[in-house]
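A quick write-up on the structure given underneath.
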Amino acid sequence: MDKIVMITGASSGFGKGCARRFARAGYSLILIARRLERLKQLQQELGGPQKVHIIPLDVREKKAVQTSLKKIPAAFSKISILINNAGLALGLEASQEANLEDWETMIDTNIKGLVYFTRMILPGMVERKEGYIINIGSVAGNWPYWGGNVYGATKAFVRHFSLNLRNDVLGKNIRVTNIEPGLAETEFSIVRFKGDDKRAKTVYKGTQPLTAEDIAEIVFWVSNLPAHVNINTLEVMPTNQAWGPLEIHREG
Ligand code: NDP
Ligand code: 8X3
């Protein structure tokens, strides 16, 4: 039987890249996102309903997540890999000016959504003594930057939750990895700047960012390592990115 991989945020960027990469290797897929049309297109592209089960869903909706995941058809129910990827950044304002609703959306999506999926899918993995949870964190969870505030904090949560999960499932033959990408060109900045394409483009101008395919290849690689090998965290940046100096404010 084909292995089954569930991917949240599959309608774009890393999630879509992962869907294509795993499909190419023969996996069956469960794809989740809000934009149904995109999911349908991907389903058609990657083998139709026999190979790809789609669930249009907002990961922030706890009840909808619980109900939908309980209704997964038997043929797709034994999930081997969960890729918790759905997420977003909104805004780049300083904390004293940021939009509180944007903060809530990031917390609800990047933290609560990820937790809902983990809690729903993990018991089946424990029962079968087989599974792999791959969370998509960010360099923003490790390194503070101006305007990163709540986005970075949600990814710091993802990092620590991933590490703690490792302890909880020790001895159950379940792996957990937090992938922490840096600058990557997807729809991420268009979403962050609320549809301002021009501003989004400036983020990547004059550099060579990571691509969705780069991240998909890394996710695919970690998931195909021997079962006794667990990558705990994997931070990856484009070669053209590194850290800035610590900021010092000087009067006068
Ligand atoms: P994209 O905007 O291209 O993709 C984001 C995906 O998340 C979309 O499929 C979107 O689907 C889905 N999503 C967002 N909110 C929800 C929601 N409430 N319910 C269901 N699905 C949702 O960005 P990326 O591919 O870059 O982002 C993927 C992950 O990678 C995110 O967690 C992001 O924080 C992280 N990341 C991105 C980096 C980058 O520089 N690009 C670097 C480091 C980490 P839809 O809108 O259809 O619901
Ligand atoms: C996305 C990378 O540096 O824009 O998580 O926060 S960054």
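Chain lettering (A, B, ...) mirrors the order of the structure tokens, residue numbering begins at 1 for each chain separately, and ligand numbering begins at 1 in order of display.
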
* To do: Could you give me the residues within 7 Å of ligand 2, counting only C-alpha atoms and all ligand atoms, as a ChimeraX atom specification?
  => /A:138-140,148,152,181-184

* Hey, what's within 6 Å of segment 83-97 of chain A if we count only C-alpha atoms and toss same-chain stuff fewer than 4 positions away? As a list of chain:residue names, please? ->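 Answer for this query is A:Ile7, A:Thr8, A:Gly9, A:Asp102, A:Thr109, A:Asn110, A:Leu114, A:Ile134, A:Asn135, A:Ile136, A:Gly147, A:Tyr151, A:Arg192, A:Phe193.
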
* Of the listed residues A:Asn99, A:Ser189, A:Asn224, A:Asn149, that which approaches ligand 1 most closely, counting only C-alpha atoms and all ligand atoms ->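 Among the listed residues, A:Ser189 lies closest to ligand 1.
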
* From segment 40-194 of chain A, collect each residue whose DSSP state is strand (DSSP E or B) and return the set as a count of residues only. => 26

* Fewer than 3 positions away in the same chain doesn't count, so skip those; otherwise give me all residues within 6 Å of segment 156-159 of chain A, counting only C-alpha atoms, as a PyMOL selection string. => chain A and resi 137+141+153+162

May I have the residues from that selection written out with C-alpha atoms, as an mmCIF file, in the first residue's frame?
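Once written, again36.cif looks like this:
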data_model
loop_
_atom_site.group_PDB
_atom_site.id
_atom_site.type_symbol
_atom_site.label_atom_id
_atom_site.label_comp_id
_atom_site.auth_asym_id
_atom_site.auth_seq_id
_atom_site.Cartn_x
_atom_site.Cartn_y
_atom_site.Cartn_z
ATOM 1 C CA GLY A 137 9.129 26.591 11.702
ATOM 2 C CA GLY A 141 11.771 31.433 15.631
ATOM 3 C CA ALA A 153 7.240 34.080 18.603
ATOM 4 C CA SER A 162 8.542 20.030 18.193
#

* Asked: Which of these residues is nearest to Met106 of chain A, using only C-alpha atoms: A:Val191, A:Ala212, A:Leu165, A:Leu36?
  -> A:Val191

* Asked: atom 9 (O, counted along the ligand's line) of ligand 1 and atom CA of Ala10 of chain A, how far apart in Å?
  -> 4.5 Å

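By only C-alpha atoms, and with residues fewer than 2 positions from Pro73 of chain A along its chain excluded, the set lying at most 12 Å from it is Ile30, Pro49, Gln50, Lys51, Val52, His53, Ile54, Ile55, Ser68, Leu69, Lys70, Lys71, Ala75, Phe76, Ser77, Lys78 and Ile79 of chain A.
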
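Using only C-alpha atoms and all ligand atoms, the smallest distance between any of A:Leu100, A:Met237, A:Leu163, A:Met6 and ligand 1 comes from A:Met237.
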
* To do: Please identify all polymer residues within 12 Å of Val176 of chain A, counting only C-alpha atoms, omitting same-chain residues fewer than 4 positions from it, and present them as a PyMOL selection string.
  => chain A and resi 80-84+118+122+125+130-136+158-170+172+219+222-223+227-234

* To do: Select, from A:Ile215, A:Leu57, A:Ala98, A:Val203, the residue with the minimum atom-to-atom distance to Gly13 of chain A, counting only C-alpha atoms.
  =>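 Smallest distance to Gly13 of chain A is found for A:Ile215.
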
* Asked: Between A:Val59, A:Val5, A:Ala23, A:Ile218, which has the minimum distance to ligand 1 (counting only C-alpha atoms and all ligand atoms)?
  ->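 Of A:Val59, A:Val5, A:Ala23, A:Ile218, the one nearest ligand 1, counting only C-alpha atoms and all ligand atoms, is A:Val59.
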
* **Computed interatomic separation between atom CA of Arg128 of chain A and atom CA of Leu29 of chain A (Å)** =>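 Going from atom CA of Arg128 of chain A over to atom CA of Leu29 of chain A, I get 18.7 Å.
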
* Among the residues of segment 40-196 of chain A, find those DSSP assigns to helix (DSSP H, G or I) from the backbone and print them as JSON, numbers by chain. => {"A": [40, 41, 42, 43, 44, 45, 62, 63, 64, 65, 66, 67, 68, 69, 70, 74, 75, 76, 100, 101, 102, 103, 104, 105, 106, 107, 108, 109, 110, 111, 112, 113, 114, 115, 116, 117, 118, 119, 120, 121, 122, 123, 124, 125, 126, 127, 128, 139, 140, 141, 149, 150, 151, 152, 153, 154, 155, 156, 157, 158, 159, 160, 161, 162, 163, 164, 165, 166, 167, 168, 188, 189, 190, 191, 192]}
